[in-house]
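Visitor: Structure file target.csv (CSV, C-alpha atoms) right here:
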```csv
chain,number,residue,atom,x,y,z
A,29,MET,CA,46.0,8.5,-17.7
A,30,LYS,CA,43.1,7.6,-19.9
A,31,ALA,CA,39.8,9.4,-20.5
A,32,ILE,CA,36.8,7.8,-21.9
A,33,VAL,CA,34.3,10.2,-23.5
A,34,TYR,CA,30.7,9.0,-24.3
A,35,VAL,CA,28.9,11.2,-26.8
A,36,GLY,CA,25.2,10.7,-27.6
A,37,LEU,CA,22.2,12.6,-28.9
A,38,LYS,CA,20.5,14.7,-26.3
A,39,PRO,CA,17.3,13.4,-24.8
A,40,GLY,CA,14.5,14.7,-27.0
A,41,VAL,CA,16.6,14.7,-30.2
A,42,LEU,CA,15.2,11.9,-32.5
A,43,ASP,CA,17.7,9.1,-32.9
A,44,PRO,CA,16.7,7.1,-36.0
A,45,GLN,CA,19.6,4.7,-35.6
A,46,GLY,CA,18.7,4.0,-32.0
A,47,ARG,CA,15.1,3.4,-33.0
A,48,THR,CA,16.1,1.0,-35.8
A,49,ILE,CA,18.3,-0.9,-33.3
A,50,ALA,CA,15.5,-1.2,-30.8
A,51,GLY,CA,13.1,-2.4,-33.6
A,52,SER,CA,15.7,-5.0,-34.7
A,53,LEU,CA,16.2,-6.3,-31.1
A,54,GLN,CA,12.4,-6.6,-30.7
A,55,ASN,CA,12.2,-8.6,-33.9
A,56,LEU,CA,14.8,-10.9,-32.5
A,57,GLY,CA,12.6,-11.6,-29.5
A,58,PHE,CA,14.1,-9.2,-27.0
A,59,ASP,CA,10.7,-7.9,-26.0
A,60,GLU,CA,12.0,-6.2,-22.9
A,61,VAL,CA,13.7,-3.5,-25.1
A,62,LYS,CA,11.7,-0.3,-24.7
A,63,SER,CA,14.1,1.9,-26.7
A,64,ALA,CA,17.7,2.3,-27.7
A,65,ARG,CA,20.0,5.3,-28.1
A,66,GLN,CA,23.2,5.1,-30.1
A,67,GLY,CA,26.2,7.1,-29.4
A,68,LYS,CA,30.0,6.9,-29.7
A,69,VAL,CA,32.9,6.3,-27.4
A,70,ILE,CA,36.2,8.2,-27.7
A,71,GLU,CA,39.2,6.9,-25.7
A,72,LEU,CA,41.9,9.4,-25.1
A,73,ASP,CA,45.4,8.6,-23.8
A,74,LEU,CA,46.6,11.6,-21.9
A,75,LYS,CA,50.0,12.8,-20.7
A,76,SER,CA,48.2,14.4,-17.7
A,77,GLU,CA,48.9,13.4,-14.1
A,78,ASN,CA,46.2,15.2,-12.2
A,79,ALA,CA,42.7,13.6,-12.7
A,80,GLU,CA,40.8,16.8,-11.9
A,81,ALA,CA,42.8,18.9,-14.3
A,82,ALA,CA,42.5,16.3,-16.9
A,83,GLU,CA,38.8,16.2,-16.6
A,84,ALA,CA,38.7,20.0,-17.0
A,85,ARG,CA,40.8,19.8,-20.2
A,86,VAL,CA,38.7,16.9,-21.6
A,87,THR,CA,35.5,18.9,-20.9
A,88,GLU,CA,37.1,21.7,-23.0
A,89,MET,CA,37.8,19.2,-25.8
A,90,CYS,CA,34.2,18.1,-25.7
A,91,GLU,CA,32.9,21.6,-26.0
A,92,LYS,CA,35.4,22.6,-28.8
A,93,LEU,CA,35.3,19.4,-30.9
A,94,LEU,CA,34.2,16.0,-29.6
A,95,ALA,CA,30.5,16.8,-29.2
A,96,ASN,CA,28.2,19.1,-31.1
A,97,THR,CA,26.3,20.5,-28.2
A,98,VAL,CA,23.4,21.7,-30.4
A,99,ILE,CA,22.4,18.0,-30.7
A,100,GLU,CA,24.7,16.0,-28.4
A,101,SER,CA,25.5,15.6,-24.8
A,102,TYR,CA,28.7,13.9,-23.4
A,103,ARG,CA,29.9,12.2,-20.3
A,104,ILE,CA,33.6,11.8,-19.2
A,105,GLU,CA,35.2,9.0,-17.2
A,106,ILE,CA,38.8,9.5,-16.1
A,107,GLU,CA,40.8,6.3,-15.5
A,108,ALA,CA,44.0,6.6,-13.5
B,28,MET,CA,33.3,39.8,-59.0
B,29,ARG,CA,36.3,38.0,-57.5
B,30,THR,CA,35.4,34.7,-55.9
B,31,ALA,CA,37.0,31.9,-54.0
B,32,VAL,CA,36.2,28.2,-53.3
B,33,ILE,CA,37.6,26.6,-50.2
B,34,VAL,CA,39.0,23.1,-50.8
B,35,PHE,CA,39.3,20.5,-48.0
B,36,PRO,CA,40.6,16.9,-48.3
B,37,ALA,CA,37.6,15.0,-49.8
B,38,SER,CA,35.7,18.0,-51.0
B,39,ASN,CA,34.2,16.8,-54.3
B,40,CYS,CA,31.9,19.6,-55.5
B,41,ASP,CA,34.7,22.2,-55.5
B,42,ARG,CA,35.1,21.9,-59.2
B,43,ASP,CA,31.3,22.2,-59.8
B,44,ALA,CA,31.4,25.3,-57.7
B,45,ARG,CA,34.4,26.6,-59.7
B,46,ASP,CA,32.6,26.0,-63.0
B,47,ALA,CA,29.4,27.7,-61.8
B,48,LEU,CA,31.3,30.7,-60.5
B,49,ALA,CA,33.4,31.0,-63.7
B,50,LYS,CA,30.3,30.8,-65.9
B,51,VAL,CA,28.4,33.5,-64.0
B,52,THR,CA,31.3,35.9,-63.2
B,53,GLY,CA,33.4,35.3,-66.3
B,54,ARG,CA,36.5,34.9,-64.0
B,55,GLU,CA,38.0,31.7,-62.6
B,56,PRO,CA,37.6,31.6,-58.8
B,57,ILE,CA,40.6,31.2,-56.6
B,58,MET,CA,40.8,27.7,-55.2
B,59,VAL,CA,41.9,28.1,-51.5
B,60,TRP,CA,43.4,25.1,-49.7
B,61,HIS,CA,42.2,24.6,-46.2
B,62,ARG,CA,45.7,25.0,-44.8
B,63,GLU,CA,45.9,28.6,-45.9
B,64,THR,CA,45.5,31.0,-43.0
B,65,GLU,CA,44.1,34.0,-44.9
B,66,LEU,CA,41.5,34.3,-47.7
B,67,PRO,CA,42.5,36.2,-50.8
B,68,ASP,CA,40.8,39.5,-51.4
B,69,VAL,CA,37.5,38.3,-52.9
B,70,ASP,CA,33.9,39.4,-52.9
B,71,PHE,CA,32.2,36.0,-52.4
B,72,VAL,CA,33.3,32.6,-51.0
B,73,VAL,CA,31.8,29.2,-51.6
B,74,ILE,CA,32.3,26.3,-49.2
B,75,PRO,CA,31.7,23.3,-51.5
B,76,GLY,CA,30.0,20.0,-51.0
B,77,GLY,CA,31.7,16.7,-50.5
B,78,PHE,CA,32.8,14.5,-47.7
B,79,SER,CA,35.5,16.6,-46.0
B,80,TYR,CA,37.8,14.5,-43.9
B,81,GLY,CA,35.7,11.4,-44.7
B,82,ASP,CA,32.9,12.8,-42.5
B,83,TYR,CA,35.0,11.6,-39.5
B,84,LEU,CA,33.6,12.4,-36.1
B,85,ARG,CA,30.6,14.4,-37.6
B,86,SER,CA,30.0,15.7,-41.1
B,87,GLY,CA,31.9,19.0,-41.5
B,88,ALA,CA,33.3,18.8,-37.9
B,89,ILE,CA,37.0,18.7,-38.7
B,90,ALA,CA,36.8,21.1,-41.7
B,91,ALA,CA,35.0,23.6,-39.5
B,92,ARG,CA,38.1,23.8,-37.3
B,93,SER,CA,40.6,24.1,-40.1
B,94,GLU,CA,43.0,27.1,-40.3
B,95,ILE,CA,41.1,28.8,-43.2
B,96,MET,CA,37.8,28.7,-41.4
B,97,ALA,CA,39.1,31.0,-38.6
B,98,ASP,CA,39.6,33.7,-41.3
B,99,VAL,CA,36.3,32.9,-42.9
B,100,LYS,CA,34.6,33.5,-39.5
B,101,THR,CA,36.4,36.8,-39.0
B,102,LYS,CA,35.5,38.0,-42.5
B,103,VAL,CA,31.9,36.9,-42.2
B,104,GLU,CA,31.6,39.1,-39.2
B,105,LYS,CA,32.8,42.0,-41.4
B,106,GLY,CA,30.1,41.2,-43.9
B,107,LEU,CA,31.8,38.9,-46.5
B,108,PRO,CA,29.2,37.0,-48.5
B,109,VAL,CA,29.7,33.2,-48.1
B,110,ALA,CA,27.6,30.3,-49.3
B,111,GLY,CA,27.9,26.7,-48.2
B,112,PHE,CA,26.3,23.9,-50.2
B,113,CYS,CA,25.7,20.4,-48.8
B,114,ASN,CA,28.9,19.6,-46.8
B,115,GLY,CA,29.6,23.4,-46.9
B,116,PHE,CA,26.3,23.9,-45.0
B,117,GLN,CA,27.4,21.2,-42.5
B,118,VAL,CA,30.8,23.0,-42.1
B,119,LEU,CA,29.1,26.4,-41.5
B,120,THR,CA,26.9,25.0,-38.8
B,121,GLU,CA,29.8,23.1,-37.2
B,122,ALA,CA,31.8,26.3,-37.2
B,123,GLY,CA,29.0,28.1,-35.4
B,124,ILE,CA,28.6,30.6,-38.3
B,125,LEU,CA,25.1,29.3,-38.9
B,126,PRO,CA,22.7,28.0,-36.2
B,127,GLY,CA,21.5,24.4,-35.8
B,128,ALA,CA,23.0,21.1,-37.0
B,129,LEU,CA,22.6,18.6,-39.8
B,130,MET,CA,21.7,15.1,-38.5
B,131,ARG,CA,21.4,11.7,-40.2
B,132,ASN,CA,18.5,11.6,-42.7
B,133,ARG,CA,15.3,10.3,-41.0
B,134,SER,CA,15.3,7.3,-43.4
B,135,LEU,CA,19.0,6.6,-42.6
B,136,LYS,CA,19.5,6.4,-46.3
B,137,TYR,CA,21.8,8.4,-48.6
B,138,ILE,CA,19.5,10.3,-50.9
B,139,CYS,CA,20.5,11.5,-54.4
B,140,LYS,CA,17.8,13.0,-56.6
B,141,PRO,CA,16.5,16.2,-58.2
B,142,GLN,CA,14.6,18.0,-55.4
B,143,PRO,CA,11.8,20.5,-55.9
B,144,LEU,CA,12.1,23.5,-53.5
B,145,THR,CA,10.2,26.6,-52.6
B,146,ILE,CA,12.0,29.9,-52.2
B,147,THR,CA,10.5,31.2,-49.1
B,148,ASN,CA,12.4,34.5,-49.0
B,149,THR,CA,13.1,36.2,-52.3
B,150,LYS,CA,14.5,39.3,-50.7
B,151,THR,CA,17.9,37.9,-49.8
B,152,ARG,CA,21.2,38.6,-51.7
B,153,PHE,CA,21.1,35.0,-52.7
B,154,THR,CA,17.5,34.9,-54.1
B,155,SER,CA,16.7,38.4,-55.3
B,156,GLY,CA,17.5,37.4,-58.9
B,157,PHE,CA,14.9,34.7,-59.3
B,158,ASN,CA,12.5,37.3,-60.8
B,159,GLY,CA,9.3,36.0,-59.1
B,160,GLN,CA,10.2,32.3,-59.7
B,161,LYS,CA,9.1,30.6,-56.5
B,162,GLU,CA,9.8,26.9,-57.2
B,163,VAL,CA,13.2,25.6,-58.3
B,164,VAL,CA,14.7,22.1,-58.7
B,165,PHE,CA,18.2,21.5,-57.4
B,166,PRO,CA,19.9,18.2,-57.0
B,167,ILE,CA,20.3,16.8,-53.5
B,168,ALA,CA,22.9,14.2,-52.5
B,169,HIS,CA,23.4,13.7,-48.8
B,170,HIS,CA,23.2,11.3,-45.9
B,171,ASP,CA,23.2,14.0,-43.2
B,172,GLY,CA,20.7,16.6,-44.3
B,173,ASN,CA,18.2,16.5,-41.5
B,174,TYR,CA,18.2,20.0,-40.2
B,175,PHE,CA,17.7,20.4,-36.5
B,176,ALA,CA,17.7,23.3,-34.1
B,177,ASP,CA,16.0,23.9,-30.8
B,178,LYS,CA,12.5,25.5,-30.8
B,179,LYS,CA,13.7,28.9,-29.8
B,180,THR,CA,16.2,29.0,-32.7
B,181,ILE,CA,13.6,27.7,-35.2
B,182,ASP,CA,11.2,30.4,-34.1
B,183,ARG,CA,13.8,33.1,-34.5
B,184,LEU,CA,14.8,31.8,-38.0
B,185,GLU,CA,11.2,31.8,-39.1
B,186,LYS,CA,10.4,35.2,-37.6
B,187,ASN,CA,13.5,36.8,-39.2
B,188,GLY,CA,12.8,35.3,-42.7
B,189,GLN,CA,16.1,33.4,-42.4
B,190,VAL,CA,14.5,30.3,-43.9
B,191,VAL,CA,15.3,30.8,-47.6
B,192,PHE,CA,14.6,27.4,-49.1
B,193,ARG,CA,12.1,24.7,-48.1
B,194,TYR,CA,11.7,21.2,-49.5
B,195,ASN,CA,8.5,20.3,-51.4
B,196,GLY,CA,8.2,16.8,-50.1
B,197,ASN,CA,10.5,16.6,-47.2
B,198,PRO,CA,13.2,14.0,-48.1
B,199,ASN,CA,15.2,13.8,-44.9
B,200,GLY,CA,13.1,14.8,-41.8
B,201,SER,CA,14.3,18.5,-41.5
B,202,ILE,CA,12.3,20.6,-39.1
B,203,ASN,CA,9.7,22.8,-41.0
B,204,ASP,CA,11.0,21.3,-44.3
B,205,ILE,CA,14.1,23.6,-44.0
B,206,ALA,CA,16.5,23.2,-46.9
B,207,GLY,CA,18.5,26.4,-46.6
B,208,ILE,CA,18.9,29.3,-44.2
B,209,THR,CA,20.9,32.5,-43.9
B,210,ASN,CA,22.6,34.0,-40.8
B,211,GLU,CA,20.9,36.9,-39.1
B,212,ALA,CA,22.9,39.5,-41.0
B,213,GLY,CA,22.0,37.9,-44.3
B,214,ASN,CA,25.5,37.5,-45.7
B,215,VAL,CA,25.8,33.8,-45.2
B,216,LEU,CA,23.7,31.1,-46.9
B,217,GLY,CA,23.8,27.4,-46.0
B,218,MET,CA,21.7,24.8,-47.9
B,219,MET,CA,21.8,21.1,-48.5
B,220,PRO,CA,20.7,21.2,-52.2
B,221,HIS,CA,23.2,21.9,-54.9
B,222,PRO,CA,22.6,25.0,-57.0
B,223,GLU,CA,26.1,24.7,-58.4
B,224,ARG,CA,25.0,21.4,-60.0
B,225,ALA,CA,22.1,23.1,-61.8
B,226,VAL,CA,23.8,25.7,-64.0
B,227,ASP,CA,24.0,23.9,-67.4
B,228,PRO,CA,21.3,22.3,-69.6
B,229,LEU,CA,23.4,19.1,-69.5
B,230,HIS,CA,22.9,19.1,-65.7
B,231,GLY,CA,19.2,18.6,-66.3
B,232,GLY,CA,18.3,22.2,-65.3
B,233,THR,CA,19.7,25.7,-64.9
B,234,ASP,CA,17.7,26.9,-61.9
B,235,GLY,CA,21.0,27.4,-60.0
B,236,LEU,CA,22.2,30.2,-62.3
B,237,ALA,CA,19.8,32.7,-60.7
B,238,LEU,CA,21.3,32.1,-57.3
B,239,PHE,CA,24.8,33.0,-58.4
B,240,LYS,CA,23.5,35.9,-60.5
B,241,SER,CA,21.7,37.2,-57.4
B,242,VAL,CA,25.0,37.3,-55.5
B,243,LEU,CA,26.6,39.0,-58.4
B,244,GLY,CA,23.8,41.5,-58.7
B,245,ALA,CA,23.8,42.3,-55.0
B,246,LEU,CA,27.5,43.1,-55.2
B,247,GLN,CA,27.3,45.5,-58.2
```
Let me see whether you can do it: turn the structure in this file into structure tokens.
Guide:
Amino acid sequence: MKAIVYVGLKPGVLDPQGRTIAGSLQNLGFDEVKSARQGKVIELDLKSENAEAAEARVTEMCEKLLANTVIESYRIEIEA
Amino acid sequence: MRTAVIVFPASNCDRDARDALAKVTGREPIMVWHRETELPDVDFVVIPGGFSYGDYLRSGAIAARSEIMADVKTKVEKGLPVAGFCNGFQVLTEAGILPGALMRNRSLKYICKPQPLTITNTKTRFTSGFNGQKEVVFPIAHHDGNYFADKKTIDRLEKNGQVVFRYNGNPNGSINDIAGITNEAGNVLGMMPHPERAVDPLHGGTDGLALFKSVLGALQ
């Protein structure tokens, strides 16, 4: 089973990298870009067999290590 | 005063910290590898600067979850004085020992320069020895020094006098120009600037000596 964890800065936390990316895209003529937020993706290969239990464990991983919840939020996708 | 310096893979100011502590205390500190599970019996611990674990995941994130940090946390709760400089500050916030987080500098650039600071609380165990000196210059050298915490936390830090150092000329975007804070109990200091790199005239300044002497004085 695979889990994909998306970690990004919380809304309201200034993301200078995202802002720079948006500025660069606008310079390239992508005028429709209003803003950009940069985050990271962590792919986990799990021994788990139950998706629900796996998600609970991955949530615990996010809280304990993968995200710094002072500044970051996360989203989990479980792939069978 | 017996002291210790924690060493992680890719710490690089551990020897600066050792030299500063040896100079002020007259005794070589004990260098403690991160795999140790228990701190030696010491009076003061420094978590040094550097790029522990190559800044993988987030600066300080992996080091904060190392074996030795569990014991640091336990002893901090019992009142052990601890200071983290630069990466050490990042490790302390990641470990939840100090509030907030250190984000990428606003400029997105690594900044390395002498930085003027104001001591905004001279009554802590880390600043009591500055004898009225309010402005100091310590080197800074970081990419992730932009201090962030939610408004409630910032208000609490300000109200309690936990903001100990502020930048004169904010280099990195830190909220309220915060360069260094203590925990609520006052036994833990975290700061991005490097007092341990300002203890010898050859460093370009000796303002850092008073910080280590303050800790020594507070313990005597």
Visitor: So the first atom is atom CA of B:Phe153 and the second is atom CA of B:Asn214; what is the distance between them in Å, to one decimal place?
Guide: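 Taking atom CA of B:Phe153 and atom CA of B:Asn214, their separation equals 8.6 Å.
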Visitor: For A:Glu60, find every residue with an atom within 12 Å (counting only C-alpha atoms), except residues of its own chain fewer than 5 positions away, and show them as a short mmCIF file (atom, residue, chain, number, x, y, z; two decimals) with C-alpha atoms, in the frame of the given file.
Guide:
```cif
data_model
loop_
_atom_site.label_atom_id
_atom_site.label_comp_id
_atom_site.auth_asym_id
_atom_site.auth_seq_id
_atom_site.Cartn_x
_atom_site.Cartn_y
_atom_site.Cartn_z
CA ALA A 50 15.50 -1.20 -30.80
CA GLY A 51 13.10 -2.40 -33.60
CA LEU A 53 16.20 -6.30 -31.10
CA GLN A 54 12.40 -6.60 -30.70
CA ASN A 55 12.20 -8.60 -33.90
#
```
Visitor: Any idea what the distance is between atom CA of B:Ala122 and atom CA of A:Glu83?
Guide: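 It comes out at 24.0 Å.
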Visitor: Using all atoms listed in the file, find each residue in chain B having at least one atom no more than 10 Å away from chain A; report its shortest atom-to-atom pair and that distance in Å (one decimal), rows by chain then rising number, as a tab-separated table.
Guide:
```
residue	atom	partner	partner_atom	distance
B:Leu84	CA	A:Leu94	CA	7.5
B:Arg85	CA	A:Asn96	CA	8.4
B:Ala88	CA	A:Leu93	CA	7.3
B:Ile89	CA	A:Leu93	CA	8.0
B:Ala91	CA	A:Leu93	CA	9.6
B:Arg92	CA	A:Leu93	CA	8.3
B:Thr120	CA	A:Val98	CA	9.7
B:Glu121	CA	A:Asn96	CA	7.5
B:Ala122	CA	A:Lys92	CA	9.9
B:Gly123	CA	A:Val98	CA	9.9
B:Pro126	CA	A:Val98	CA	8.6
B:Gly127	CA	A:Val98	CA	6.3
B:Ala128	CA	A:Val98	CA	6.6
B:Leu129	CA	A:Ile99	CA	9.1
B:Met130	CA	A:Ile99	CA	8.4
B:Arg131	CA	A:Pro44	CA	7.8
B:Asn132	CA	A:Pro44	CA	8.3
B:Arg133	CA	A:Pro44	CA	6.1
B:Ser134	CA	A:Pro44	CA	7.5
B:Leu135	CA	A:Pro44	CA	7.0
B:Phe175	CA	A:Ile99	CA	7.8
B:Ala176	CA	A:Val98	CA	7.0
B:Asp177	CA	A:Val98	CA	7.7
B:Gly200	CA	A:Leu42	CA	10.0
```
Visitor: Stretch 38-40 of chain B: which residues within 10 Å, counting all atoms listed in the file, same-chain residues fewer than 4 positions away excluded, as a PDB file with C-alpha atoms, keeping the file's coordinate frame?
Guide:
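Just written: around26.pdb:
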```pdb
ATOM      1  CA  VAL B  32      36.200  28.200 -53.300  1.00  0.00           C
ATOM      2  CA  ILE B  33      37.600  26.600 -50.200  1.00  0.00           C
ATOM      3  CA  VAL B  34      39.000  23.100 -50.800  1.00  0.00           C
ATOM      4  CA  ALA B  44      31.400  25.300 -57.700  1.00  0.00           C
ATOM      5  CA  ARG B  45      34.400  26.600 -59.700  1.00  0.00           C
ATOM      6  CA  ASP B  46      32.600  26.000 -63.000  1.00  0.00           C
ATOM      7  CA  ILE B  74      32.300  26.300 -49.200  1.00  0.00           C
ATOM      8  CA  PRO B  75      31.700  23.300 -51.500  1.00  0.00           C
ATOM      9  CA  GLY B  76      30.000  20.000 -51.000  1.00  0.00           C
ATOM     10  CA  GLY B  77      31.700  16.700 -50.500  1.00  0.00           C
ATOM     11  CA  PHE B  78      32.800  14.500 -47.700  1.00  0.00           C
ATOM     12  CA  SER B  79      35.500  16.600 -46.000  1.00  0.00           C
ATOM     13  CA  TYR B  80      37.800  14.500 -43.900  1.00  0.00           C
ATOM     14  CA  GLY B  81      35.700  11.400 -44.700  1.00  0.00           C
ATOM     15  CA  ALA B  90      36.800  21.100 -41.700  1.00  0.00           C
ATOM     16  CA  PHE B 112      26.300  23.900 -50.200  1.00  0.00           C
ATOM     17  CA  CYS B 113      25.700  20.400 -48.800  1.00  0.00           C
ATOM     18  CA  ASN B 114      28.900  19.600 -46.800  1.00  0.00           C
ATOM     19  CA  GLY B 115      29.600  23.400 -46.900  1.00  0.00           C
ATOM     20  CA  HIS B 221      23.200  21.900 -54.900  1.00  0.00           C
ATOM     21  CA  GLU B 223      26.100  24.700 -58.400  1.00  0.00           C
ATOM     22  CA  ARG B 224      25.000  21.400 -60.000  1.00  0.00           C
TER      23      ARG B 224
END
```
Visitor: So the first atom is atom CA of B:Leu243 and the second is atom CA of B:Phe157; what is the distance between them in Å, to one decimal place?
Guide: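 Calculated distance between atom CA of B:Leu243 and atom CA of B:Phe157 is 12.5 Å.
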Visitor: Report, as lines of an AutoDock Vina configuration file, the axis-aligned box around all atoms of stretch 42-56 of chain B present in the file, extended by 8 Å on each side; give centre and edge lengths in Å to one decimal place.
Guide:
```
center_x = 33.2
center_y = 28.9
center_z = -62.0
size_x = 25.6
size_y = 30.0
size_z = 24.6
```
Visitor: I need the residue nearest B:Phe116 from this list: B:Lys102, B:His61, B:His169, B:Lys186. Use only C-alpha atoms for the distance.
Guide: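 Between B:Lys102, B:His61, B:His169, B:Lys186, the residue approaching B:Phe116 most closely is B:His169.
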Visitor: Let me make sure I understand: among A:Val61, A:Val86, A:Ser52, A:Ser101, which one has the smallest atom-to-atom distance to A:Asp73 if we use all atoms listed in the file?
Guide: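 Using all atoms listed in the file, the shortest distance to A:Asp73 belongs to A:Val86.
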Visitor: Taking all atoms listed in the file into account, which of A:Gly40, A:Glu107, A:Tyr34, A:Met89 comes nearest A:Glu77?
Guide: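 Nearest candidate to A:Glu77 out of A:Gly40, A:Glu107, A:Tyr34, A:Met89: A:Glu107.
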Visitor: Please reconstruct the missing atoms of stretch 42-67 of chain A (target: N, CA and C atoms) and return them as an mmCIF file, in the frame of the given file.
Guide:
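So the final result, stored in result_5.cif, reads:
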```
data_model
loop_
_atom_site.group_PDB
_atom_site.id
_atom_site.type_symbol
_atom_site.label_atom_id
_atom_site.label_comp_id
_atom_site.auth_asym_id
_atom_site.auth_seq_id
_atom_site.Cartn_x
_atom_site.Cartn_y
_atom_site.Cartn_z
ATOM 1 N N LEU A 42 15.560 13.223 -31.882
ATOM 2 C CA LEU A 42 15.200 11.900 -32.500
ATOM 3 C C LEU A 42 16.481 11.196 -32.941
ATOM 4 N N ASP A 43 16.569 9.930 -32.567
ATOM 5 C CA ASP A 43 17.700 9.100 -32.900
ATOM 6 C C ASP A 43 17.261 7.946 -33.782
ATOM 7 N N PRO A 44 17.222 8.157 -35.120
ATOM 8 C CA PRO A 44 16.700 7.100 -36.000
ATOM 9 C C PRO A 44 17.489 5.811 -35.928
ATOM 10 N N GLN A 45 18.798 5.924 -35.692
ATOM 11 C CA GLN A 45 19.600 4.700 -35.600
ATOM 12 C C GLN A 45 19.249 3.916 -34.354
ATOM 13 N N GLY A 46 19.080 4.615 -33.250
ATOM 14 C CA GLY A 46 18.700 4.000 -32.000
ATOM 15 C C GLY A 46 17.329 3.282 -32.164
ATOM 16 N N ARG A 47 16.410 3.978 -32.850
ATOM 17 C CA ARG A 47 15.100 3.400 -33.000
ATOM 18 C C ARG A 47 15.124 2.150 -33.868
ATOM 19 N N THR A 48 15.980 2.179 -34.897
ATOM 20 C CA THR A 48 16.100 1.000 -35.800
ATOM 21 C C THR A 48 16.732 -0.157 -34.993
ATOM 22 N N ILE A 49 17.716 0.151 -34.142
ATOM 23 C CA ILE A 49 18.300 -0.900 -33.300
ATOM 24 C C ILE A 49 17.302 -1.522 -32.395
ATOM 25 N N ALA A 50 16.487 -0.664 -31.743
ATOM 26 C CA ALA A 50 15.500 -1.200 -30.800
ATOM 27 C C ALA A 50 14.487 -2.081 -31.586
ATOM 28 N N GLY A 51 14.083 -1.646 -32.782
ATOM 29 C CA GLY A 51 13.100 -2.400 -33.600
ATOM 30 C C GLY A 51 13.716 -3.784 -33.938
ATOM 31 N N SER A 52 14.996 -3.803 -34.283
ATOM 32 C CA SER A 52 15.700 -5.000 -34.700
ATOM 33 C C SER A 52 15.776 -5.989 -33.486
ATOM 34 N N LEU A 53 16.123 -5.438 -32.323
ATOM 35 C CA LEU A 53 16.200 -6.300 -31.100
ATOM 36 C C LEU A 53 14.840 -6.869 -30.795
ATOM 37 N N GLN A 54 13.794 -6.074 -30.929
ATOM 38 C CA GLN A 54 12.400 -6.600 -30.700
ATOM 39 C C GLN A 54 12.079 -7.693 -31.628
ATOM 40 N N ASN A 55 12.483 -7.507 -32.899
ATOM 41 C CA ASN A 55 12.200 -8.600 -33.900
ATOM 42 C C ASN A 55 12.927 -9.864 -33.533
ATOM 43 N N LEU A 56 14.081 -9.749 -32.848
ATOM 44 C CA LEU A 56 14.800 -10.900 -32.500
ATOM 45 C C LEU A 56 14.276 -11.577 -31.180
ATOM 46 N N GLY A 57 13.204 -10.989 -30.664
ATOM 47 C CA GLY A 57 12.600 -11.600 -29.500
ATOM 48 C C GLY A 57 12.941 -10.926 -28.186
ATOM 49 N N PHE A 58 13.726 -9.875 -28.225
ATOM 50 C CA PHE A 58 14.100 -9.200 -27.000
ATOM 51 C C PHE A 58 12.991 -8.181 -26.633
ATOM 52 N N ASP A 59 11.867 -8.733 -26.203
ATOM 53 C CA ASP A 59 10.700 -7.900 -26.000
ATOM 54 C C ASP A 59 10.834 -6.888 -24.880
ATOM 55 N N GLU A 60 11.821 -7.107 -24.017
ATOM 56 C CA GLU A 60 12.000 -6.200 -22.900
ATOM 57 C C GLU A 60 12.587 -4.834 -23.345
ATOM 58 N N VAL A 61 13.081 -4.759 -24.588
ATOM 59 C CA VAL A 61 13.700 -3.500 -25.100
ATOM 60 C C VAL A 61 12.616 -2.463 -25.308
ATOM 61 N N LYS A 62 12.668 -1.383 -24.528
ATOM 62 C CA LYS A 62 11.700 -0.300 -24.700
ATOM 63 C C LYS A 62 12.186 0.702 -25.737
ATOM 64 N N SER A 63 13.480 1.012 -25.689
ATOM 65 C CA SER A 63 14.100 1.900 -26.700
ATOM 66 C C SER A 63 15.576 1.778 -26.631
ATOM 67 N N ALA A 64 16.241 2.325 -27.632
ATOM 68 C CA ALA A 64 17.700 2.300 -27.700
ATOM 69 C C ALA A 64 18.202 3.658 -28.141
ATOM 70 N N ARG A 65 19.321 4.077 -27.619
ATOM 71 C CA ARG A 65 20.000 5.300 -28.100
ATOM 72 C C ARG A 65 21.380 4.921 -28.491
ATOM 73 N N GLN A 66 21.796 5.382 -29.663
ATOM 74 C CA GLN A 66 23.200 5.100 -30.100
ATOM 75 C C GLN A 66 24.062 6.275 -29.939
ATOM 76 N N GLY A 67 25.275 6.019 -29.491
ATOM 77 C CA GLY A 67 26.200 7.100 -29.400
ATOM 78 C C GLY A 67 27.604 6.625 -29.794
#
```
